[in-house]
$ cat entry-v9.txt   # compact mmCIF, C-alpha atoms
# COMPACT_ATOMS: atom_id res chain seq x y z
CA MET A 193 128.84 58.67 67.21
CA GLN A 194 126.52 61.61 67.75
CA VAL A 195 123.44 62.29 65.66
CA ILE A 196 120.80 65.00 65.31
CA ILE A 197 117.13 64.20 64.82
CA VAL A 198 114.93 66.72 63.00
CA GLU A 199 111.37 65.53 63.64
CA ASP A 200 108.19 67.29 64.81
CA GLU A 201 106.42 64.19 66.16
CA LEU A 202 107.58 63.35 69.68
CA ALA A 203 106.64 59.67 69.39
CA ALA A 204 108.58 59.36 66.13
CA SER A 205 111.74 61.03 67.47
CA GLU A 206 111.64 58.95 70.66
CA ASN A 207 111.17 55.75 68.67
CA LEU A 208 114.08 56.59 66.38
CA ALA A 209 116.32 57.39 69.35
CA TYR A 210 115.33 54.09 70.97
CA LEU A 211 116.09 52.09 67.81
CA LEU A 212 119.47 53.77 67.40
CA GLN A 213 120.46 53.06 71.00
CA SER A 214 119.24 49.47 70.72
CA MET A 215 121.43 48.71 67.72
CA ASP A 216 124.49 50.67 68.84
CA GLU A 217 125.03 51.93 72.39
CA THR A 218 127.72 54.32 71.20
CA ILE A 219 125.17 56.37 69.24
CA GLU A 220 124.09 59.48 71.14
CA VAL A 221 121.40 61.98 70.17
CA GLU A 222 122.96 65.43 70.41
CA LYS A 223 119.75 67.32 69.72
CA VAL A 224 116.12 66.84 68.64
CA LEU A 225 114.79 69.71 66.51
CA GLU A 226 111.07 70.07 65.78
CA SER A 227 110.84 72.67 63.01
CA VAL A 228 112.58 74.33 60.08
CA THR A 229 113.09 77.42 62.25
CA ASP A 230 114.71 75.44 65.09
CA ALA A 231 116.91 73.49 62.67
CA VAL A 232 118.17 76.61 60.91
CA ASP A 233 118.99 78.22 64.26
CA PHE A 234 120.82 75.16 65.62
CA LEU A 235 122.66 74.19 62.43
CA SER A 236 123.89 77.75 62.00
CA ARG A 237 126.11 77.20 65.05
CA PRO A 238 128.87 74.63 65.69
CA TYR A 239 127.64 71.15 66.61
CA LYS A 240 129.24 67.75 67.15
CA ALA A 241 126.96 65.36 65.27
CA SER A 242 128.33 63.49 62.27
CA LEU A 243 124.94 62.37 60.94
CA ILE A 244 121.47 63.94 60.75
CA PHE A 245 118.12 62.15 60.58
CA MET A 246 115.65 64.57 59.03
CA ASP A 247 111.91 64.23 58.53
CA ILE A 248 110.91 65.80 55.22
CA HIS A 249 107.63 67.30 56.39
CA LEU A 250 107.96 69.47 59.51
CA ALA A 251 105.50 71.59 61.46
CA ASP A 252 106.40 74.82 59.67
CA GLY A 253 107.30 73.56 56.21
CA LEU A 254 109.43 71.14 54.20
CA SER A 255 112.86 70.38 55.64
CA PHE A 256 114.35 71.16 52.21
CA GLU A 257 113.82 74.82 53.11
CA ILE A 258 116.57 74.47 55.73
CA PHE A 259 119.20 74.24 52.99
CA GLU A 260 118.12 77.56 51.52
CA LYS A 261 118.99 79.30 54.77
CA VAL A 262 122.02 77.49 56.14
CA GLU A 263 124.87 75.42 54.68
CA VAL A 264 124.66 71.82 55.87
CA THR A 265 127.68 69.63 55.06
CA THR A 266 126.76 66.82 57.47
CA PRO A 267 125.42 63.64 55.79
CA ILE A 268 121.64 63.23 56.05
CA ILE A 269 119.28 60.28 56.21
CA PHE A 270 115.80 61.51 55.37
CA THR A 271 112.70 59.99 56.95
CA THR A 272 109.30 60.29 55.32
CA ALA A 273 105.85 58.75 55.16
CA TYR A 274 105.54 59.83 51.53
CA ASP A 275 107.16 57.86 48.70
CA GLN A 276 106.96 60.78 46.26
CA TYR A 277 109.60 62.67 48.22
CA ALA A 278 112.20 59.90 48.00
CA LEU A 279 113.76 60.98 44.71
CA LYS A 280 113.80 64.60 45.82
CA ALA A 281 115.63 63.63 48.98
CA PHE A 282 118.41 61.95 46.99
CA LYS A 283 118.84 65.15 44.97
CA VAL A 284 120.03 66.73 48.20
CA ASN A 285 122.78 64.15 48.64
CA SER A 286 121.05 62.05 51.27
CA ILE A 287 122.82 58.91 52.42
CA ASP A 288 119.52 57.11 52.41
CA TYR A 289 115.86 57.59 53.07
CA LEU A 290 113.61 55.65 55.41
CA LEU A 291 109.86 55.30 55.04
CA LYS A 292 107.80 55.60 58.21
CA PRO A 293 107.13 53.69 60.32
CA ILE A 294 110.86 53.09 60.44
CA ASP A 295 111.91 49.47 60.15
CA GLU A 296 114.79 48.47 62.42
CA GLU A 297 116.50 46.38 59.73
CA GLU A 298 116.32 49.20 57.18
CA LEU A 299 117.64 51.65 59.78
CA SER A 300 120.56 49.32 60.47
CA GLU A 301 121.35 49.11 56.75
CA ALA A 302 121.26 52.91 56.46
CA ILE A 303 123.72 53.25 59.36
CA LYS A 304 126.05 50.68 57.76
CA LYS A 305 125.88 52.58 54.49
CA PHE A 306 126.80 55.80 56.29
CA LYS A 307 129.76 54.21 58.09
CA SER A 308 131.13 52.61 54.92
CA ARG A 309 130.96 55.70 52.73
CA THR A 310 134.12 57.57 51.85
CA PRO A 311 134.34 61.18 53.05
CA ASP A 312 133.38 63.65 50.36
CA LYS A 313 131.77 67.01 49.96
CA GLY A 314 128.47 67.66 51.63
CA ILE A 315 125.31 69.19 50.26
CA ASP A 316 125.99 71.84 47.65
CA LYS A 317 123.95 74.65 46.15
CA GLN A 318 123.49 72.95 42.79
CA GLN A 319 121.81 69.97 44.44
CA ILE A 320 119.57 72.26 46.48
CA ASP A 321 118.56 74.22 43.38
CA SER A 322 117.80 70.99 41.56
CA LEU A 323 115.59 69.87 44.42
CA LEU A 324 113.69 73.14 44.61
CA ASN A 325 113.09 73.01 40.87
CA LEU A 326 111.60 69.55 41.30
CA ILE A 327 109.28 70.87 44.00
CA GLY A 328 107.98 73.47 41.59
CA GLY A 329 110.44 75.84 40.03
CA GLY A 330 111.40 77.23 43.41
CA ALA A 331 107.78 78.09 44.21
CA ARG A 332 105.66 75.11 45.18
CA LYS A 333 102.02 75.08 44.08
CA TYR A 334 99.45 74.10 46.66
CA ARG A 335 95.97 72.63 46.26
CA ALA A 336 93.44 75.36 45.42
CA THR A 337 90.34 73.16 45.08
CA PHE A 338 89.09 69.82 46.37
CA LEU A 339 86.41 68.08 44.33
CA VAL A 340 83.97 66.62 46.88
CA SER A 341 80.79 64.56 46.65
CA HIS A 342 77.71 66.17 48.16
CA ARG A 343 74.36 64.44 47.90
CA ASP A 344 74.05 63.62 44.17
CA GLN A 345 76.60 66.05 42.80
CA LEU A 346 80.28 66.94 42.75
CA ILE A 347 81.24 70.30 44.24
CA PRO A 348 84.56 72.15 43.70
CA LEU A 349 85.40 73.14 47.27
CA LYS A 350 87.90 76.00 47.32
CA THR A 351 90.71 75.63 49.84
CA ASP A 352 90.42 79.31 50.76
CA ASN A 353 86.89 78.62 52.04
CA ILE A 354 87.95 75.79 54.37
CA ALA A 355 88.41 76.59 58.07
CA TYR A 356 89.76 73.21 59.13
CA PHE A 357 89.93 69.52 58.34
CA ARG A 358 89.09 66.95 60.98
CA ILE A 359 88.69 63.21 61.44
CA ASP A 360 85.19 62.50 62.76
CA THR A 361 84.48 58.86 63.67
CA GLY A 362 87.09 57.75 61.16
CA ILE A 363 85.86 60.01 58.35
CA VAL A 364 87.88 62.98 57.09
CA LYS A 365 85.74 66.10 56.79
CA GLY A 366 86.40 69.61 55.55
CA ILE A 367 84.61 72.33 57.55
CA THR A 368 84.08 75.58 55.69
CA LEU A 369 84.16 79.11 57.09
CA ASP A 370 80.36 79.19 56.90
CA ASN A 371 80.17 75.94 58.91
CA GLN A 372 79.33 73.52 56.10
CA SER A 373 80.73 70.00 56.40
CA TYR A 374 81.97 67.94 53.45
CA VAL A 375 83.32 64.40 53.39
CA MET A 376 86.80 64.29 51.84
CA ASP A 377 88.08 61.47 49.65
CA ASN A 378 91.66 62.02 50.80
CA LYS A 379 93.41 60.89 53.95
CA LEU A 380 94.38 63.64 56.37
CA GLU A 381 98.07 62.95 55.67
CA GLU A 382 97.51 63.41 51.93
CA ILE A 383 95.58 66.62 52.48
CA GLU A 384 98.34 67.97 54.73
CA GLU A 385 100.91 67.51 51.98
CA GLU A 386 98.87 69.57 49.51
CA LEU A 387 98.19 72.58 51.73
CA ASP A 388 100.18 75.79 52.06
CA PRO A 389 102.00 75.41 55.43
CA SER A 390 101.88 79.16 55.95
CA LYS A 391 98.06 78.95 56.05
CA PHE A 392 97.32 75.48 57.44
CA TYR A 393 98.81 73.55 60.36
CA ARG A 394 98.46 69.92 61.50
CA ILE A 395 97.96 70.50 65.22
CA ASN A 396 97.32 66.84 66.11
CA ARG A 397 96.33 63.54 64.53
CA GLN A 398 92.71 64.63 64.09
CA PHE A 399 92.93 68.27 62.99
CA ILE A 400 94.49 70.50 60.34
CA VAL A 401 93.49 74.10 61.03
CA LYS A 402 93.60 77.27 59.00
CA LYS A 403 95.24 80.26 60.66
CA ASP A 404 92.20 82.41 59.85
CA ALA A 405 89.99 79.96 61.78
CA LEU A 406 91.84 80.45 65.09
CA GLU A 407 89.68 82.32 67.58
CA SER A 408 91.77 81.86 70.73
CA ILE A 409 94.60 79.79 72.22
CA LYS A 410 94.68 78.89 75.90
CA TYR A 411 97.26 77.16 78.05
CA TYR A 412 96.38 73.63 79.11
CA PHE A 413 98.06 71.28 81.56
CA ASN A 414 101.54 69.79 81.01
CA GLY A 415 102.51 72.42 78.45
CA LYS A 416 99.66 71.64 76.08
CA LEU A 417 97.42 74.22 74.39
CA ILE A 418 93.66 74.40 73.83
CA VAL A 419 92.55 75.96 70.56
CA THR A 420 89.14 77.51 69.95
CA LEU A 421 88.09 77.51 66.31
CA THR A 422 85.63 79.44 64.16
CA PRO A 423 83.28 77.86 63.27
CA SER A 424 83.19 76.16 66.65
CA CYS A 425 83.88 72.48 67.13
CA GLU A 426 82.20 70.34 69.77
CA GLU A 427 85.42 68.35 70.27
CA LYS A 428 88.23 69.70 72.45
CA VAL A 429 91.07 70.71 70.12
CA VAL A 430 94.42 70.15 71.84
CA VAL A 431 97.97 70.94 70.73
CA SER A 432 100.52 68.63 72.33
CA LYS A 433 103.45 69.88 74.38
CA ALA A 434 105.80 68.63 71.64
CA LYS A 435 104.10 70.82 69.03
CA ALA A 436 103.19 73.81 71.21
CA THR A 437 106.31 75.89 70.53
CA ALA A 438 106.31 75.27 66.78
CA PHE A 439 102.58 76.00 66.65
CA LYS A 440 102.99 79.35 68.42
CA ASN A 441 105.85 80.23 66.08
CA TRP A 442 103.62 79.39 63.11
CA VAL A 443 100.82 81.61 64.43
CA ASN A 444 103.31 84.46 64.91
CA THR A 445 104.54 84.36 61.32
$ encode --input "entry-v9.txt" --output "structure tokens"
Amino acid sequence: MQVIIVEDELAASENLAYLLQSMDETIEVEKVLESVTDAVDFLSRPYKASLIFMDIHLADGLSFEIFEKVEVTTPIIFTTAYDQYALKAFKVNSIDYLLKPIDEEELSEAIKKFKSRTPDKGIDKQQIDSLLNLIGGGARKYRATFLVSHRDQLIPLKTDNIAYFRIDTGIVKGITLDNQSYVMDNKLEEIEEELDPSKFYRINRQFIVKKDALESIKYYFNGKLIVTLTPSCEEKVVVSKAKATAFKNWVNT
């Protein structure tokens, strides 16, 4: 059996491929796709896979956007670190969903469920429309303000004024365009889910950057990229080789 993995984190896609091979040597990964753009391009052409594993949150948007642009009739098992997306995933006719980090036993059960199902129609437009309505009437609303504590008061910090979010010695901070730093109550993963992906990008585990805050991008070794931000950051900001292509595509949009 051949499968496709749609996942923007190299470690996650490699781990999933390893687990699949460990439980069934006949499973082959036909292709690993890292973004909505790559998935739309690949799935628009003929492919062999009979099952797709798809992360819900990709580098350039939600994977649900794929179904707006290309018809996908292949069964899908969604993977996500966010429980709130589980119901939405089922509205798109998923076989199952797996919460990250993926548990081998749960993965095995999902594969069994896929193999035992009777052939039927794939994802249809009605299901896609239902999903998009759940997201927000076809137009998702993103966080406009973060209420942050500063000294002895609460400050409404507008998202438009934030240049980037970073983890500094275990603390999530929002850095504004005028170089003010505020401690955030949210985890970086939670913040990422509430931001407009056309404006903000999770370039690594420590940073989410705003497109307007990019000053320059330089090539680094082994296919990585070095990003210079405004306001400047004393820490070296690196984009991994796995994310480099998707990141450049995001900047170009």
$ closest_atom_pairs --input "entry-v9.txt" --of "range 247-269 of chain A" --to "range 370-390 of chain A" --cutoff "12 Å" --atoms "all atoms listed in the file" --output "CSV"
residue,atom,partner,partner_atom,distance
A:Ile248,CA,A:Glu385,CA,10.6
A:His249,CA,A:Glu385,CA,8.0
A:Leu250,CA,A:Pro389,CA,9.4
A:Ala251,CA,A:Pro389,CA,8.0
A:Asp252,CA,A:Pro389,CA,6.1
A:Gly253,CA,A:Pro389,CA,5.7
A:Leu254,CA,A:Pro389,CA,8.7
A:Ser255,CA,A:Pro389,CA,12.0
$ atom_distance --input "entry-v9.txt" --atom1 "CA of Val429 in chain A" --atom2 "CA of Asn396 in chain A"
8.4 Å
$ residues_around --input "entry-v9.txt" --residues "Tyr210 in chain A" --least-positions-apart "2" --cutoff "12 Å" --atoms "all atoms listed in the file" --output "list in words"
Ile197, Ala203, Ala204, Ser205, Glu206, Asn207, Leu208, Leu212, Gln213, Ser214, Met215, Asp216, Glu217, Ile219, Glu220, Val221, Ile294, Glu296 and Leu299 of chain A
$ residues_around --input "entry-v9.txt" --residues "Lys240 in chain A" --least-positions-apart "4" --cutoff "12 Å" --atoms "only C-alpha atoms" --output "list in words"
Met193, Gln194, Val195, Ile196, Glu220, Val221, Glu222, Lys223, Phe234, Leu235, Ile244 and Thr266 of chain A
$ closest_residue --input "entry-v9.txt" --among "A:Tyr289, A:Tyr356, A:Tyr239, A:Phe245" --to "Glu226 in chain A" --atoms "all atoms listed in the file"
A:Phe245
$ residues_around --input "entry-v9.txt" --residues "Thr361 in chain A" --least-positions-apart "2" --cutoff "12 Å" --atoms "all atoms listed in the file" --output "list of chain:residue names"
A:Arg358, A:Ile359, A:Ile363, A:Val364, A:Lys365, A:Val375, A:Gln398, A:Glu427
$ residues_around --input "entry-v9.txt" --residues "Thr271 in chain A" --least-positions-apart "6" --cutoff "6 Å" --atoms "only C-alpha atoms" --output "count of residues only"
5
$ closest_residue --input "entry-v9.txt" --among "A:Glu257, A:Val264, A:Asp404, A:Ala436" --to "Pro238 in chain A" --atoms "only C-alpha atoms"
A:Val264
$ closest_residue --input "entry-v9.txt" --among "A:Leu225, A:Val262, A:Ala209, A:Ala355" --to "Ser424 in chain A" --atoms "only C-alpha atoms"
A:Ala355
$ closest_residue --input "entry-v9.txt" --among "A:Val431, A:Cys425, A:Ala241, A:Ile269" --to "Ile367 in chain A" --atoms "all atoms listed in the file"
A:Cys425
$ closest_residue --input "entry-v9.txt" --among "A:Lys292, A:Lys440, A:Lys416, A:Lys428" --to "Phe399 in chain A" --atoms "all atoms listed in the file"
A:Lys428
$ atom_distance --input "entry-v9.txt" --atom1 "CA of Lys402 in chain A" --atom2 "CA of Ala273 in chain A"
22.5 Å
$ closest_residue --input "entry-v9.txt" --among "A:Phe357, A:Leu243, A:Ser341, A:Asn414" --to "Lys305 in chain A" --atoms "only C-alpha atoms"
A:Leu243
$ axis_aligned_box --input "entry-v9.txt" --around "range 379-389 of chain A" --padding-each-side "8 Å" --output "lines of an AutoDock Vina configuration file"
center_x = 97.7
center_y = 68.3
center_z = 52.9
size_x = 24.6
size_y = 30.9
size_z = 22.9
$ residues_near_point --input "entry-v9.txt" --point "(85.0, 71.1, 39.9)" --cutoff "10 Å" --atoms "only C-alpha atoms" --output "MDAnalysis selection string"
chainID A and resid 337:340 346:350
$ atom_distance --input "entry-v9.txt" --atom1 "CA of Ala231 in chain A" --atom2 "CA of Ile258 in chain A"
7.0 Å
$ residues_around --input "entry-v9.txt" --residues "Ile409 in chain A" --least-positions-apart "5" --cutoff "9 Å" --atoms "all atoms listed in the file" --output "PyMOL selection string"
chain A and resi 417-420
$ write_last_selection --input "entry-v9.txt" --atoms "C-alpha atoms" --output "CSV table (one decimal), keeping the file's coordinate frame"
chain,number,residue,atom,x,y,z
A,417,LEU,CA,97.4,74.2,74.4
A,418,ILE,CA,93.7,74.4,73.8
A,419,VAL,CA,92.6,76.0,70.6
A,420,THR,CA,89.1,77.5,70.0
